[in-house]
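These notes are about the structure you will find just below.
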Amino acid sequence: MSEKKDVLHVGIDLGTSRSAIAASNGERHVVESYVGWPVDMVARKVVKKAVLFGHEALENRPMLDLHRPLERGLIKEGSPKAEAAVRELLGHLISRAGGTGKMVHAVVGVPAEAMRVSRQHLRNAVKGVADSLLLVSEPFAVAYGMDALLHTMIIDIGAGTSDFCVMNGRYPTDDDQRTLTHAGDSVDEQLALQVRARHPEANFSIHMVRDWKERFSFVGEPKGPVVVEAPVRGKPTSLEITGEMKKACESLVGPLSETMLDLLSRVDPEYQQRVRNNVVLAGGGSQIPGLAAALERVLEDVGGGKVRSVEDPVFAGANGSLAIAADAPEGDWERLAG
Amino acid sequence: MRSVDRMKQQMLRDAVRENLAVIEGRPPAPVRREGRWARRVVRAVALVAVPLALFASINAFSGGGSSSPEVVVVPQRTVAPPPTEPGLEAVSWPAPKSIDPTLFHLDVKTIVLDAGHGGSDPGALSSDGLVEKQIAFDIADRVRVRLGGGLFQVVMTRNGDETVSLRERARRARAAGGDVFVSIHLNSIPRPDEGGVETYFLGPTDDPAIRQLASAENGSSGYSLSDFRGLLEGVYVDVRQAESRKLAESVQGELVSSLRKITPGVVDRGVKSAPFVVLIASEMPGILAEVSCVSHAEEARLLRDAAFREAIAEALARGVRAWADSRNLAGAGRSGNG
């Protein structure tokens, strides 16, 4: 007699920078989207693992073949390592959520651009990580989880891309979505450039810059001076970077505004006001203080509107994907098996 | 509340349908909208009229097509559509095959040079302050000088340190009537000991959605008129990919052989396909060349030397000219100008 396995529904936000999982058993986990394999036997002996993830992989990067599989929102075509990294990352998340030995039905939210450009490739890359698997675009997953399905614009500001999606009460098509590469990573690069220009003697890495941004980012007026620490000729030194932080973060406002207004102009005129009053920021970038207010100021030129941020930016995508997984009929999971 | 549930059910159906299309290698079916009967009539007319028009125009191009060796469309196999649409008989259409553009002796007149990044987007940064946007522009400008001078019209997508979105770059390329698009970038690799040269062309080359468009069943397939337009464009995409691959191989070969004369250890990272948005949107044969690597100490040092940048520019120009000559696309007298 065959024993029927328990079913675990999971929603996964497969992001450029971080990936999160929310499962029907209540488990929730987040990991930085880094996957690394020891470069040789010596490294393998030191790290004592066949593959490392997230922060642990970053910490040990000199000994690893390190991959961030969704660079700039797309899976790198023709790169078996990038594909393997996606598979490993998803497998790791499912295992942490308690999926081992269970029948796993997974909904995976991916950057909208990856969904649009390399749909087939992505599907091949994730084949086999769950018993049944449904891929959706990340902003759609966020909208679904919030029941924001009508007259709403989702702006999901991730690390590699900022994804826009207008929800018109139907499954979004390519026409309803836009993707920009102005996102968290471009802020990091801009900040690094600015700080290096002002403090050429300071020694810092892009990972330190990312950490500074996550702690001190702002648009508009600062709450106080932004002071960070970095070695100068080997000595830890305090650097004042308020102006640099402001300039780097505000480099997002122009491209985001332009795209937001462009998408708005394509909405049926009858519903434009409703969409303007329902702009939702998601993703890590949604937490930049002052960004929502700056976008609201832009909307004032076209009649005003409201921009708000999701309450739980880390898990908004994963929660939305889990809601989709829970709602999908069993018959659909059977068709999506494999 | 009930209407939200209905919306969700419909969206789930569309999401599942889109995923099943990918699993089965079919192009995504259109999202259901109003006026299905009217669309069916249009579709029925289009399914008959558009292939006939395509055949007529291609046969006209090949001088009647009966005995010419320049046969551009070869019936490979026939697809018999199930006669499910009322009024549509089962008609067999030969699957289109890629058209060889050399048969038309088309000139390359306008070359679009795209210096990566710029303005608020610095691109990759080296540990000692080298900025990708500056180096890419310097090299692009040198290529402009070498390819210009009356032989080709050369257009730059940016003319200085300005922020230009990918969409705008593609728009400028199209507006200029570009025949070929060359995007110049510098690599940055997490492992500092790795460097080298790599060139990308638009991929994936064997996207089943594109291949199968040509031979997909009609009647009950769910194609709309716009999908069918996509099918015809698929034929062109194949041509564009083939041309882009050849251009990439030519440029990569020139880059590697030239740079190895300066630094023998330079790594040939090869020709690869990738779905870079700018290559897709430019709608012409195109490549993205990672001409060197700013994260590699030796290459970063060399990039500071104008002679090294000049050598890269010369190799790029030679690669483009060689491609044009080898494809018999360049007009008489263009060979040997390098």
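Residues are referred to by chain and number: the chain letter is A, B, ... according to the order shown in the structure tokens, the number counts from 1 in that chain, and ligands are numbered separately from 1 in the order shown.
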
task: Assign secondary structure with DSSP using the backbone only, and return the residues of stretch 69-153 of chain A in strand (DSSP E or B) as a PyMOL selection string.
output: chain A and resi 103-110+132-137+150-153

- request: With a cut-off of 8 Å and counting only C-alpha atoms, select all residues of chain B in contact with chain A and give the selection as a PyMOL selection string.
  value: chain B and resi 4+7-8+10-12+14-16+19-20+22-23+25+31+120-125+127+129+190-191+203-204+207+272-275

field: helix (DSSP H, G or I) positions in stretch 49-112 of chain A, given as a PyMOL selection string
entry: chain A and resi 54-59+61-63+71-73+80-96+112

Let's have the selection written as a compact mmCIF listing (two decimals), in the first residue's frame, with C-alpha atoms.
```txt
# COMPACT_ATOMS: atom_id res chain seq x y z
CA GLY A 54 23.93 33.65 1.62
CA HIS A 55 26.00 35.41 4.24
CA GLU A 56 28.10 32.32 4.87
CA ALA A 57 29.03 32.18 1.20
CA LEU A 58 29.90 35.87 1.18
CA GLU A 59 32.06 35.52 4.28
CA ARG A 61 34.12 34.14 -0.85
CA PRO A 62 37.92 33.97 -1.36
CA MET A 63 37.64 30.17 -1.21
CA GLU A 71 22.37 39.44 -11.79
CA ARG A 72 20.43 42.49 -13.03
CA GLY A 73 17.20 40.57 -12.79
CA PRO A 80 25.36 26.19 -16.23
CA LYS A 81 26.70 27.57 -12.94
CA ALA A 82 23.99 30.23 -12.80
CA GLU A 83 21.36 27.56 -13.44
CA ALA A 84 22.87 25.28 -10.81
CA ALA A 85 22.98 28.20 -8.38
CA VAL A 86 19.26 28.87 -8.87
CA ARG A 87 18.48 25.19 -8.28
CA GLU A 88 20.69 25.00 -5.19
CA LEU A 89 19.20 28.19 -3.76
CA LEU A 90 15.62 27.01 -4.19
CA GLY A 91 16.48 23.57 -2.81
CA HIS A 92 18.14 25.19 0.19
CA LEU A 93 15.11 27.39 0.92
CA ILE A 94 12.66 24.50 0.59
CA SER A 95 14.77 22.36 2.86
CA ARG A 96 14.93 25.13 5.49
CA ALA A 112 9.47 40.56 -14.10
```

Selection near A:Val298, 10 Å with only C-alpha atoms, sequence-local residues under 3 positions removed, as a list in words: Val253, Gly254, Ser257, Glu258, Met260, Leu261, Ala292, Ala293, Ala294, Leu295, Asp301, Val302, Gly303, Gly304 and Gly305 of chain A

message: I'd like to know which of B:Leu259, B:Phe137, B:Gly116, B:Arg309 is closest to B:Ser165, using only C-alpha atoms.
response: B:Gly116
